[in-house]
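*Asks:* Questions regarding the structure given below will be posed in turn.
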There are 2 protein chains.
Amino acid sequence: MPSIAFLECSRCHARISAESPQTVCTQCADQPAGSLFVRYDLSHLQGTEARNAIAGDTGTTWRGMWRYRSVLPDVVPVTLGEGWTPMLQSKRYPGVVVKEEGANPTGTFKARGLAMAVTMARHYGLKKLAVPSAGNAAGALAAYAAAAGIEAHIFMPHDVPFANYVEAIAYGAKVTLVDGLISDCARIVNERKQQEGWFDISTLKEPFRIEGKKTMGYELVEQLGWEYPDAVFYPTGGGVGLIGMWKAFEEMEQLGWVKPGKRPRMIAVQAAGCAPVARAYDAGANVSQMWQNASTFAAGLRVPKPYGDAIILDILRASEGIALAVTDEEILASILDWARNEGIFLSPEGASVTAAYDKLLANGTLKATDKVVIFNTGAGLKYTDVTAEAMKLQRP
Amino acid sequence: MPSIAFLECSRCHARISAESPQTVCTQCADQPAGSLFVRYDLSHLQGTEARNAIAGDTGTTWRGMWRYRSVLPDVVPVTLGEGWTPMLQSKRYPGVVVKEEGANPTGTFKARGLAMAVTMARHYGLKKLAVPSAGNAAGALAAYAAAAGIEAHIFMPHDVPFANYVEAIAYGAKVTLVDGLISDCARIVNERKQQEGWFDISTLKEPFRIEGKKTMGYELVEQLGWEYPDAVFYPTGGGVGLIGMWKAFEEMEQLGWVKPGKRPRMIAVQAAGCAPVARAYDAGANVSQMWQNASTFAAGLRVPKPYGDAIILDILRASEGIALAVTDEEILASILDWARNEGIFLSPEGASVTAAYDKLLANGTLKATDKVVIFNTGAGLKYTDVTAEAMKLQRP
């Protein structure tokens, strides 16, 4: 594992030391301050020999996302078996593979970011972590904090899927359900953190959740034989995974690990009831506006204004990607379509993406032969209550 | 992948052809007829070179349990990404590793057996499969049947965890909730299968669920560096996994894949409210008696008389193992203990095993230095309703 050279501001490109715990950029002249990216000296990993050592090194043991430890901070991991998730070939769409993030601990992709962030929190000796969450980040923080022996203070909307509430309580986190959205939860964390001595481990407000999520980028490229797909479909709430994957592509290109070629088009999918990024994209804006009265059963997409909106919009344009929204009805129809015809029980967020794929195939934005990676960011099982409600399914 | 040489009866050792679909032994003089084990000619795989090729062959792609395809039937898999699950080192017990089967598709170890059994069903051209299930086998059959384009007819007790009901419906299975136990469900399948044209894919009533589950045995040994642990703790409802692992150990020894030494002690754990195997073990009996009024929130352990009881009891004794039962209170306490102190949200079945480990450590049956593999057979997330009820936890 490499040493961290410095943290770089996504906005003003200031360089900040990682010797002590950092939140957002302290040098930005304008607000909101930029998020910090971890930078390393990776020159010793140049070329495909170092890359191929990753597969060779798995040996007999199970490594998960830590197979990429050569490009992650040099610390002892807090691990629950996150990453190295299956890549499933669609039975109906030859061009589509599903990246099944529901296989992660706590049933979602949030495990990757929080495994890395809690690892660093323990490394720094932090004792109390706080997070506002649409639900799944809360569960993941609660699990990794329990594994690390650190306190977790969690603020979630009152109507999160029941599984998110039960798991957070079971893991021993301090849970507050808030009559509002994740933005209201964020405000509470912000107001109380100084007095309570909490370290705010929110999306893009500390540098390491991006580092964990970037492993999705390494993984999908490795699992495609170190080649880029034509497009990556990603359900976009906070957007950390999209930002993390883009960072991974940049690093892999610098290292010469990926075959030269065009980076994938990044397709950000949101719910029609909460689509700030899609609206900003359509308007040609550089940042999003706070979405009013956000509403969708895809709980992870109920993020009225992501902190990283500017970074996300930059990436979408740089990749010749797109942002679009689908309705809850389309999401539910796609959950049932994929369950019945592929045997894959998608999360509502994952099904937003499969619904969007259908649309972009139908309108000619994509061809059936385009190689597409679709992210199912969570297990459908984590949403049995909200999905059953959407299906009007009750226990007989 | 090797060709199947023949199917061998566990009881009378008759050899039966696998050219057409088989259920239980057709040659047994006594009833119940023996279960059938798949036998191959594996002589070309003798020695550690063929074994080490397994790790080397993973290359850049994700193979899951099909990394062991050299010892599985030579057919095209129906796969959803099952197997090759994490092995997690306990943070408190140096001797304990947890085999996290909750990472499987449909959130449980049932995926392995049904991936293999549905693969063979498709290979044989079967069109309608039926199963009685305590819940998780139903979900797994529904998923793999959907992936294979085969009808699934499912019979579950009315009080299965809600997730089992929702997933089975979502996958498009024909679901019947029965006012009774899995034994009542089995009776219904048995009564109707001939008329309906269903193939009965019940536990140990066809040869291939064992073959899928045996991959757990290969995997745990490979993940321990091709060495046996001292003991394997396994929550035992139908017991297929325990039988499958024992078959794997036998095969690995014949192949010279495992370092010579004593096979692990097999520890079968049941719930105090339904413990037919533990009772038979204590009584020195060769088979179990039907348990009356079976009751436990560990739904997978509500199996009043497993079809494979004689095989299970044989294995326990041959391995110098043991069978024991724990109460629902002990299970719930262990769920919370492991969630809060290890960050692992166990299923009730998995927590029966951690509770049993504590007991056997306390009474001196095991030493703290003994290397122990504990099976968490399902994700705690799949049981949020029953676990919340046991915790007396309601949505605020």
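Ordering of the structure tokens sets the chain letters (A, B, ...); residue numbers start at 1 within each chain; ligands are numbered from 1 in the order shown.
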Could you write out, as a VMD selection string, all the residues of segment 136-291 of chain B that DSSP marks as strand (DSSP E)?

*Replies:* chain B and resid 151 to 157 174 to 178 199 to 200 231 to 235 265 to 271

*Asks:* Save out the residues we just selected, N, CA, C and O atoms, as a JSON list (two decimals), in the first residue's frame.

*Replies:*
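Saved file out.json follows:
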```json
[["chain", "number", "residue", "atom", "x", "y", "z"],
["B", 151, "GLU", "N", -40.69, -22.94, -14.51],
["B", 151, "GLU", "CA", -41.71, -22.62, -13.50],
["B", 151, "GLU", "C", -41.28, -23.09, -12.12],
["B", 151, "GLU", "O", -40.78, -24.21, -11.98],
["B", 152, "ALA", "N", -41.54, -22.27, -11.10],
["B", 152, "ALA", "CA", -41.27, -22.67, -9.71],
["B", 152, "ALA", "C", -42.57, -22.68, -8.92],
["B", 152, "ALA", "O", -43.30, -21.68, -8.91],
["B", 153, "HIS", "N", -42.84, -23.81, -8.26],
["B", 153, "HIS", "CA", -44.01, -23.95, -7.40],
["B", 153, "HIS", "C", -43.51, -24.11, -5.97],
["B", 153, "HIS", "O", -42.81, -25.08, -5.67],
["B", 154, "ILE", "N", -43.91, -23.17, -5.12],
["B", 154, "ILE", "CA", -43.28, -23.03, -3.81],
["B", 154, "ILE", "C", -44.31, -23.15, -2.70],
["B", 154, "ILE", "O", -45.36, -22.51, -2.75],
["B", 155, "PHE", "N", -43.99, -23.95, -1.69],
["B", 155, "PHE", "CA", -44.86, -24.13, -0.53],
["B", 155, "PHE", "C", -44.05, -23.80, 0.73],
["B", 155, "PHE", "O", -43.06, -24.46, 1.02],
["B", 156, "MET", "N", -44.50, -22.76, 1.44],
["B", 156, "MET", "CA", -43.79, -22.29, 2.62],
["B", 156, "MET", "C", -44.75, -22.15, 3.79],
["B", 156, "MET", "O", -45.93, -21.85, 3.59],
["B", 157, "PRO", "N", -44.24, -22.31, 5.03],
["B", 157, "PRO", "CA", -45.09, -22.00, 6.18],
["B", 157, "PRO", "C", -45.56, -20.55, 6.13],
["B", 157, "PRO", "O", -44.84, -19.67, 5.64],
["B", 174, "LYS", "N", -44.93, -19.42, -8.30],
["B", 174, "LYS", "CA", -46.27, -19.70, -7.81],
["B", 174, "LYS", "C", -46.15, -20.06, -6.34],
["B", 174, "LYS", "O", -45.59, -21.11, -5.99],
["B", 175, "VAL", "N", -46.63, -19.17, -5.47],
["B", 175, "VAL", "CA", -46.38, -19.30, -4.04],
["B", 175, "VAL", "C", -47.64, -19.72, -3.30],
["B", 175, "VAL", "O", -48.69, -19.11, -3.46],
["B", 176, "THR", "N", -47.53, -20.76, -2.47],
["B", 176, "THR", "CA", -48.60, -21.13, -1.56],
["B", 176, "THR", "C", -48.07, -21.08, -0.13],
["B", 176, "THR", "O", -47.07, -21.73, 0.18],
["B", 177, "LEU", "N", -48.72, -20.25, 0.71],
["B", 177, "LEU", "CA", -48.35, -20.23, 2.13],
["B", 177, "LEU", "C", -49.24, -21.24, 2.86],
["B", 177, "LEU", "O", -50.46, -21.24, 2.70],
["B", 178, "VAL", "N", -48.60, -22.09, 3.64],
["B", 178, "VAL", "CA", -49.28, -23.23, 4.25],
["B", 178, "VAL", "C", -49.39, -23.01, 5.76],
["B", 178, "VAL", "O", -48.43, -22.57, 6.40],
["B", 199, "PHE", "N", -41.39, -31.57, -10.92],
["B", 199, "PHE", "CA", -40.21, -32.30, -10.44],
["B", 199, "PHE", "C", -39.92, -31.79, -9.04],
["B", 199, "PHE", "O", -39.79, -30.59, -8.80],
["B", 200, "ASP", "N", -39.80, -32.71, -8.10],
["B", 200, "ASP", "CA", -39.61, -32.38, -6.68],
["B", 200, "ASP", "C", -38.13, -32.11, -6.42],
["B", 200, "ASP", "O", -37.31, -33.02, -6.44],
["B", 231, "ALA", "N", -12.70, -27.56, 13.66],
["B", 231, "ALA", "CA", -14.14, -27.80, 13.75],
["B", 231, "ALA", "C", -14.90, -26.90, 12.79],
["B", 231, "ALA", "O", -14.45, -25.79, 12.46],
["B", 232, "VAL", "N", -16.04, -27.39, 12.32],
["B", 232, "VAL", "CA", -16.96, -26.61, 11.49],
["B", 232, "VAL", "C", -18.30, -26.56, 12.22],
["B", 232, "VAL", "O", -18.87, -27.61, 12.54],
["B", 233, "PHE", "N", -18.78, -25.36, 12.48],
["B", 233, "PHE", "CA", -20.07, -25.16, 13.14],
["B", 233, "PHE", "C", -21.11, -24.86, 12.08],
["B", 233, "PHE", "O", -20.98, -23.89, 11.34],
["B", 234, "TYR", "N", -22.18, -25.64, 12.08],
["B", 234, "TYR", "CA", -23.15, -25.53, 10.99],
["B", 234, "TYR", "C", -24.57, -25.57, 11.54],
["B", 234, "TYR", "O", -24.96, -26.55, 12.19],
["B", 235, "PRO", "N", -25.37, -24.52, 11.28],
["B", 235, "PRO", "CA", -26.77, -24.55, 11.71],
["B", 235, "PRO", "C", -27.52, -25.58, 10.86],
["B", 235, "PRO", "O", -27.49, -25.51, 9.64],
["B", 265, "ARG", "N", -14.05, -31.65, 13.20],
["B", 265, "ARG", "CA", -15.24, -32.07, 13.95],
["B", 265, "ARG", "C", -16.42, -31.28, 13.41],
["B", 265, "ARG", "O", -16.37, -30.05, 13.32],
["B", 266, "MET", "N", -17.48, -31.98, 13.06],
["B", 266, "MET", "CA", -18.67, -31.30, 12.52],
["B", 266, "MET", "C", -19.65, -31.07, 13.67],
["B", 266, "MET", "O", -20.10, -32.04, 14.32],
["B", 267, "ILE", "N", -19.98, -29.81, 13.90],
["B", 267, "ILE", "CA", -20.85, -29.44, 15.01],
["B", 267, "ILE", "C", -22.19, -28.97, 14.43],
["B", 267, "ILE", "O", -22.26, -27.92, 13.78],
["B", 268, "ALA", "N", -23.23, -29.76, 14.65],
["B", 268, "ALA", "CA", -24.57, -29.42, 14.14],
["B", 268, "ALA", "C", -25.34, -28.67, 15.22],
["B", 268, "ALA", "O", -25.50, -29.19, 16.33],
["B", 269, "VAL", "N", -25.81, -27.47, 14.89],
["B", 269, "VAL", "CA", -26.51, -26.66, 15.88],
["B", 269, "VAL", "C", -27.97, -26.52, 15.47],
["B", 269, "VAL", "O", -28.29, -26.24, 14.31],
["B", 270, "GLN", "N", -28.85, -26.72, 16.45],
["B", 270, "GLN", "CA", -30.28, -26.58, 16.21],
["B", 270, "GLN", "C", -30.89, -25.63, 17.25],
["B", 270, "GLN", "O", -30.19, -25.18, 18.16],
["B", 271, "ALA", "N", -32.16, -25.32, 17.07],
["B", 271, "ALA", "CA", -32.87, -24.46, 18.03],
["B", 271, "ALA", "C", -33.57, -25.35, 19.06],
["B", 271, "ALA", "O", -34.07, -26.43, 18.73]]
```

*Asks:* If we count only C-alpha atoms, which residues of chain A reach to within 6 Å of chain B? Please list them as a PDB file with all heavy atoms, in the first residue's frame.

*Replies:*
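So iface.pdb came out as:
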```pdb
ATOM      1  N   THR A  60      -4.965 -18.146  -2.244  1.00  0.00           N
ATOM      2  CA  THR A  60      -6.067 -18.977  -1.786  1.00  0.00           C
ATOM      3  C   THR A  60      -7.049 -18.189  -0.936  1.00  0.00           C
ATOM      4  O   THR A  60      -8.069 -18.721  -0.530  1.00  0.00           O
ATOM      5  CB  THR A  60      -5.538 -20.143  -0.941  1.00  0.00           C
ATOM      6  OG1 THR A  60      -4.770 -19.593   0.132  1.00  0.00           O
ATOM      7  CG2 THR A  60      -4.667 -21.060  -1.763  1.00  0.00           C
ATOM      8  N   THR A  61      -6.736 -16.954  -0.629  1.00  0.00           N
ATOM      9  CA  THR A  61      -7.578 -16.232   0.317  1.00  0.00           C
ATOM     10  C   THR A  61      -8.506 -15.270  -0.391  1.00  0.00           C
ATOM     11  O   THR A  61      -8.343 -14.961  -1.566  1.00  0.00           O
ATOM     12  CB  THR A  61      -6.719 -15.447   1.310  1.00  0.00           C
ATOM     13  OG1 THR A  61      -5.873 -14.567   0.576  1.00  0.00           O
ATOM     14  CG2 THR A  61      -5.888 -16.378   2.150  1.00  0.00           C
ATOM     15  N   TRP A  62      -9.462 -14.783   0.361  1.00  0.00           N
ATOM     16  CA  TRP A  62     -10.475 -13.896  -0.161  1.00  0.00           C
ATOM     17  C   TRP A  62     -10.074 -12.481   0.198  1.00  0.00           C
ATOM     18  O   TRP A  62      -9.904 -12.152   1.360  1.00  0.00           O
ATOM     19  CB  TRP A  62     -11.807 -14.258   0.486  1.00  0.00           C
ATOM     20  CG  TRP A  62     -12.979 -13.691  -0.220  1.00  0.00           C
ATOM     21  CD1 TRP A  62     -13.774 -14.331  -1.139  1.00  0.00           C
ATOM     22  CD2 TRP A  62     -13.502 -12.374  -0.095  1.00  0.00           C
ATOM     23  NE1 TRP A  62     -14.744 -13.481  -1.589  1.00  0.00           N
ATOM     24  CE2 TRP A  62     -14.604 -12.278  -0.969  1.00  0.00           C
ATOM     25  CE3 TRP A  62     -13.146 -11.273   0.649  1.00  0.00           C
ATOM     26  CZ2 TRP A  62     -15.354 -11.126  -1.100  1.00  0.00           C
ATOM     27  CZ3 TRP A  62     -13.892 -10.112   0.509  1.00  0.00           C
ATOM     28  CH2 TRP A  62     -14.987 -10.054  -0.359  1.00  0.00           C
ATOM     29  N   GLY A  81     -15.545  -7.914   4.499  1.00  0.00           N
ATOM     30  CA  GLY A  81     -15.693  -8.717   3.282  1.00  0.00           C
ATOM     31  C   GLY A  81     -16.294  -7.955   2.116  1.00  0.00           C
ATOM     32  O   GLY A  81     -17.017  -8.531   1.302  1.00  0.00           O
ATOM     33  N   PRO A  86     -19.917  -9.865  -7.839  1.00  0.00           N
ATOM     34  CA  PRO A  86     -20.131 -10.515  -9.132  1.00  0.00           C
ATOM     35  C   PRO A  86     -20.480  -9.524 -10.247  1.00  0.00           C
ATOM     36  O   PRO A  86     -21.093  -8.489 -10.006  1.00  0.00           O
ATOM     37  CB  PRO A  86     -21.332 -11.437  -8.868  1.00  0.00           C
ATOM     38  CG  PRO A  86     -21.374 -11.645  -7.406  1.00  0.00           C
ATOM     39  CD  PRO A  86     -20.859 -10.362  -6.810  1.00  0.00           C
ATOM     40  N   ALA A 103     -24.173  -7.818  -3.048  1.00  0.00           N
ATOM     41  CA  ALA A 103     -23.406  -8.880  -2.382  1.00  0.00           C
ATOM     42  C   ALA A 103     -22.478  -8.330  -1.301  1.00  0.00           C
ATOM     43  O   ALA A 103     -21.865  -9.100  -0.568  1.00  0.00           O
ATOM     44  CB  ALA A 103     -22.591  -9.654  -3.425  1.00  0.00           C
ATOM     45  N   ALA A 143     -22.152  -0.635  10.848  1.00  0.00           N
ATOM     46  CA  ALA A 143     -21.444  -1.914  10.840  1.00  0.00           C
ATOM     47  C   ALA A 143     -19.932  -1.720  10.998  1.00  0.00           C
ATOM     48  O   ALA A 143     -19.299  -2.367  11.837  1.00  0.00           O
ATOM     49  CB  ALA A 143     -21.743  -2.668   9.541  1.00  0.00           C
ATOM     50  N   TYR A 144     -19.367  -0.850  10.208  1.00  0.00           N
ATOM     51  CA  TYR A 144     -17.908  -0.675  10.263  1.00  0.00           C
ATOM     52  C   TYR A 144     -17.472  -0.001  11.555  1.00  0.00           C
ATOM     53  O   TYR A 144     -16.408  -0.310  12.095  1.00  0.00           O
ATOM     54  CB  TYR A 144     -17.402   0.071   9.019  1.00  0.00           C
ATOM     55  CG  TYR A 144     -17.468  -0.830   7.803  1.00  0.00           C
ATOM     56  CD1 TYR A 144     -18.560  -0.807   6.946  1.00  0.00           C
ATOM     57  CD2 TYR A 144     -16.466  -1.759   7.554  1.00  0.00           C
ATOM     58  CE1 TYR A 144     -18.647  -1.667   5.865  1.00  0.00           C
ATOM     59  CE2 TYR A 144     -16.539  -2.630   6.472  1.00  0.00           C
ATOM     60  CZ  TYR A 144     -17.630  -2.578   5.636  1.00  0.00           C
ATOM     61  OH  TYR A 144     -17.716  -3.446   4.574  1.00  0.00           O
ATOM     62  N   ALA A 146     -18.966  -0.427  14.413  1.00  0.00           N
ATOM     63  CA  ALA A 146     -19.003  -1.518  15.395  1.00  0.00           C
ATOM     64  C   ALA A 146     -17.751  -2.377  15.275  1.00  0.00           C
ATOM     65  O   ALA A 146     -17.127  -2.749  16.280  1.00  0.00           O
ATOM     66  CB  ALA A 146     -20.258  -2.373  15.197  1.00  0.00           C
ATOM     67  N   ALA A 147     -17.357  -2.684  14.046  1.00  0.00           N
ATOM     68  CA  ALA A 147     -16.171  -3.512  13.832  1.00  0.00           C
ATOM     69  C   ALA A 147     -14.909  -2.812  14.333  1.00  0.00           C
ATOM     70  O   ALA A 147     -13.963  -3.466  14.769  1.00  0.00           O
ATOM     71  CB  ALA A 147     -16.032  -3.855  12.343  1.00  0.00           C
ATOM     72  N   ALA A 163     -35.330  -2.016   7.051  1.00  0.00           N
ATOM     73  CA  ALA A 163     -34.052  -2.717   7.228  1.00  0.00           C
ATOM     74  C   ALA A 163     -32.954  -1.762   7.674  1.00  0.00           C
ATOM     75  O   ALA A 163     -32.103  -2.115   8.493  1.00  0.00           O
ATOM     76  CB  ALA A 163     -33.641  -3.421   5.931  1.00  0.00           C
ATOM     77  N   ALA A 170     -29.320  -2.658  15.574  1.00  0.00           N
ATOM     78  CA  ALA A 170     -28.647  -3.910  15.934  1.00  0.00           C
ATOM     79  C   ALA A 170     -27.146  -3.692  16.091  1.00  0.00           C
ATOM     80  O   ALA A 170     -26.522  -4.234  17.003  1.00  0.00           O
ATOM     81  CB  ALA A 170     -28.920  -4.981  14.870  1.00  0.00           C
ATOM     82  N   TYR A 171     -26.559  -2.883  15.216  1.00  0.00           N
ATOM     83  CA  TYR A 171     -25.112  -2.634  15.292  1.00  0.00           C
ATOM     84  C   TYR A 171     -24.738  -1.728  16.466  1.00  0.00           C
ATOM     85  O   TYR A 171     -23.568  -1.452  16.682  1.00  0.00           O
ATOM     86  CB  TYR A 171     -24.612  -2.002  13.990  1.00  0.00           C
ATOM     87  CG  TYR A 171     -24.580  -2.921  12.801  1.00  0.00           C
ATOM     88  CD1 TYR A 171     -25.241  -2.592  11.617  1.00  0.00           C
ATOM     89  CD2 TYR A 171     -23.863  -4.119  12.832  1.00  0.00           C
ATOM     90  CE1 TYR A 171     -25.196  -3.431  10.507  1.00  0.00           C
ATOM     91  CE2 TYR A 171     -23.823  -4.958  11.722  1.00  0.00           C
ATOM     92  CZ  TYR A 171     -24.495  -4.605  10.567  1.00  0.00           C
ATOM     93  OH  TYR A 171     -24.454  -5.426   9.472  1.00  0.00           O
ATOM     94  N   GLY A 172     -25.747  -1.232  17.169  1.00  0.00           N
ATOM     95  CA  GLY A 172     -25.456  -0.416  18.350  1.00  0.00           C
ATOM     96  C   GLY A 172     -25.211   1.051  18.066  1.00  0.00           C
ATOM     97  O   GLY A 172     -24.688   1.762  18.936  1.00  0.00           O
ATOM     98  N   GLU A 222     -11.145  -4.413 -14.426  1.00  0.00           N
ATOM     99  CA  GLU A 222     -10.454  -5.708 -14.320  1.00  0.00           C
ATOM    100  C   GLU A 222     -11.372  -6.847 -14.755  1.00  0.00           C
ATOM    101  O   GLU A 222     -10.958  -7.751 -15.487  1.00  0.00           O
ATOM    102  CB  GLU A 222      -9.956  -5.966 -12.886  1.00  0.00           C
ATOM    103  CG  GLU A 222      -9.246  -7.321 -12.787  1.00  0.00           C
ATOM    104  CD  GLU A 222      -8.644  -7.645 -11.425  1.00  0.00           C
ATOM    105  OE1 GLU A 222      -8.746  -6.834 -10.496  1.00  0.00           O
ATOM    106  OE2 GLU A 222      -8.067  -8.757 -11.311  1.00  0.00           O
ATOM    107  N   GLN A 223     -12.629  -6.796 -14.313  1.00  0.00           N
ATOM    108  CA  GLN A 223     -13.552  -7.890 -14.636  1.00  0.00           C
ATOM    109  C   GLN A 223     -13.943  -7.915 -16.115  1.00  0.00           C
ATOM    110  O   GLN A 223     -14.456  -8.922 -16.598  1.00  0.00           O
ATOM    111  CB  GLN A 223     -14.791  -7.817 -13.722  1.00  0.00           C
ATOM    112  CG  GLN A 223     -14.442  -8.214 -12.275  1.00  0.00           C
ATOM    113  CD  GLN A 223     -15.600  -8.118 -11.310  1.00  0.00           C
ATOM    114  OE1 GLN A 223     -16.476  -7.274 -11.465  1.00  0.00           O
ATOM    115  NE2 GLN A 223     -15.618  -8.962 -10.298  1.00  0.00           N
ATOM    116  N   GLY A 225     -11.579  -7.619 -18.307  1.00  0.00           N
ATOM    117  CA  GLY A 225     -10.294  -7.915 -18.946  1.00  0.00           C
ATOM    118  C   GLY A 225      -9.447  -6.663 -19.145  1.00  0.00           C
ATOM    119  O   GLY A 225      -8.730  -6.549 -20.135  1.00  0.00           O
ATOM    120  N   LEU A 336     -39.704  -5.756 -11.374  1.00  0.00           N
ATOM    121  CA  LEU A 336     -40.425  -7.002 -11.656  1.00  0.00           C
ATOM    122  C   LEU A 336     -39.914  -7.644 -12.945  1.00  0.00           C
ATOM    123  O   LEU A 336     -39.770  -8.868 -13.032  1.00  0.00           O
ATOM    124  CB  LEU A 336     -41.929  -6.742 -11.724  1.00  0.00           C
ATOM    125  CG  LEU A 336     -42.522  -6.269 -10.383  1.00  0.00           C
ATOM    126  CD1 LEU A 336     -44.010  -5.961 -10.541  1.00  0.00           C
ATOM    127  CD2 LEU A 336     -42.308  -7.317  -9.282  1.00  0.00           C
ATOM    128  N   ALA A 339     -36.556  -9.286 -12.067  1.00  0.00           N
ATOM    129  CA  ALA A 339     -36.727 -10.434 -11.170  1.00  0.00           C
ATOM    130  C   ALA A 339     -37.295 -11.619 -11.946  1.00  0.00           C
ATOM    131  O   ALA A 339     -36.791 -12.734 -11.863  1.00  0.00           O
ATOM    132  CB  ALA A 339     -37.637 -10.064  -9.998  1.00  0.00           C
ATOM    133  N   ARG A 340     -38.335 -11.359 -12.732  1.00  0.00           N
ATOM    134  CA  ARG A 340     -39.040 -12.463 -13.409  1.00  0.00           C
ATOM    135  C   ARG A 340     -38.277 -13.027 -14.593  1.00  0.00           C
ATOM    136  O   ARG A 340     -38.396 -14.213 -14.897  1.00  0.00           O
ATOM    137  CB  ARG A 340     -40.425 -11.980 -13.860  1.00  0.00           C
ATOM    138  CG  ARG A 340     -41.298 -11.844 -12.640  1.00  0.00           C
ATOM    139  CD  ARG A 340     -42.652 -11.272 -12.854  1.00  0.00           C
ATOM    140  NE  ARG A 340     -43.184 -11.086 -11.488  1.00  0.00           N
ATOM    141  CZ  ARG A 340     -44.376 -10.631 -11.195  1.00  0.00           C
ATOM    142  NH1 ARG A 340     -45.205 -10.304 -12.157  1.00  0.00           N
ATOM    143  NH2 ARG A 340     -44.759 -10.513  -9.953  1.00  0.00           N
ATOM    144  N   ASN A 341     -37.527 -12.172 -15.265  1.00  0.00           N
ATOM    145  CA  ASN A 341     -36.891 -12.618 -16.501  1.00  0.00           C
ATOM    146  C   ASN A 341     -35.392 -12.852 -16.397  1.00  0.00           C
ATOM    147  O   ASN A 341     -34.798 -13.463 -17.287  1.00  0.00           O
ATOM    148  CB  ASN A 341     -37.177 -11.609 -17.610  1.00  0.00           C
ATOM    149  CG  ASN A 341     -38.662 -11.532 -17.926  1.00  0.00           C
ATOM    150  OD1 ASN A 341     -39.258 -12.546 -18.288  1.00  0.00           O
ATOM    151  ND2 ASN A 341     -39.258 -10.374 -17.747  1.00  0.00           N
ATOM    152  N   GLU A 342     -34.783 -12.371 -15.315  1.00  0.00           N
ATOM    153  CA  GLU A 342     -33.339 -12.563 -15.166  1.00  0.00           C
ATOM    154  C   GLU A 342     -32.985 -13.236 -13.842  1.00  0.00           C
ATOM    155  O   GLU A 342     -31.839 -13.648 -13.645  1.00  0.00           O
ATOM    156  CB  GLU A 342     -32.605 -11.212 -15.245  1.00  0.00           C
ATOM    157  CG  GLU A 342     -32.865 -10.439 -16.536  1.00  0.00           C
ATOM    158  CD  GLU A 342     -31.739 -10.568 -17.563  1.00  0.00           C
ATOM    159  OE1 GLU A 342     -30.727 -11.233 -17.279  1.00  0.00           O
ATOM    160  OE2 GLU A 342     -31.893  -9.993 -18.662  1.00  0.00           O
ATOM    161  N   GLY A 343     -33.960 -13.295 -12.911  1.00  0.00           N
ATOM    162  CA  GLY A 343     -33.646 -13.869 -11.601  1.00  0.00           C
ATOM    163  C   GLY A 343     -32.840 -12.937 -10.709  1.00  0.00           C
ATOM    164  O   GLY A 343     -32.231 -13.364  -9.743  1.00  0.00           O
ATOM    165  N   THR A 384     -37.604  -4.788   1.086  1.00  0.00           N
ATOM    166  CA  THR A 384     -38.825  -5.591   0.960  1.00  0.00           C
ATOM    167  C   THR A 384     -40.058  -4.800   1.361  1.00  0.00           C
ATOM    168  O   THR A 384     -41.114  -4.956   0.761  1.00  0.00           O
ATOM    169  CB  THR A 384     -38.739  -6.887   1.789  1.00  0.00           C
ATOM    170  OG1 THR A 384     -38.185  -6.589   3.050  1.00  0.00           O
ATOM    171  CG2 THR A 384     -37.898  -7.927   1.092  1.00  0.00           C
TER     172      THR A 384
END
```

*Asks:* Just asking: which residues within segment 62-233 of chain B are alpha helix (DSSP H) according to DSSP, as JSON, numbers by chain?

*Replies:* {"B": [110, 111, 112, 113, 114, 115, 116, 117, 118, 119, 120, 121, 122, 123, 124, 136, 137, 138, 139, 140, 141, 142, 143, 144, 145, 146, 147, 148, 162, 163, 164, 165, 166, 167, 168, 169, 170, 182, 183, 184, 185, 186, 187, 188, 189, 190, 191, 192, 193, 194, 195, 196, 208, 209, 210, 211, 212, 213, 214, 215, 216, 217, 218, 219, 220, 221, 222, 223]}

*Asks:* Show me, as a list in words, the residues that have an atom within 8 Å of Lys214 of chain B when counting only C-alpha atoms, minus same-chain residues fewer than 6 positions from it.

*Replies:* Gly241, Ile243, Gly244, Met245, Trp246, Lys247 and Ala248 of chain B

*Asks:* Quick one: residues within 9 Å of Gly47 of chain A, only C-alpha atoms counted, chain neighbours fewer than 6 positions away excluded, as a ChimeraX atom specification?

*Replies:* /A:255-257

*Asks:* Residues near Pro304 of chain A, anyone? I mean within 12 Å using only C-alpha atoms, not counting same-chain ones fewer than 3 positions away, as a VMD selection string.

*Replies:* chain A and resid 134 180 to 186 236 to 238 270 to 279 288 to 296 299 to 301 307 to 309
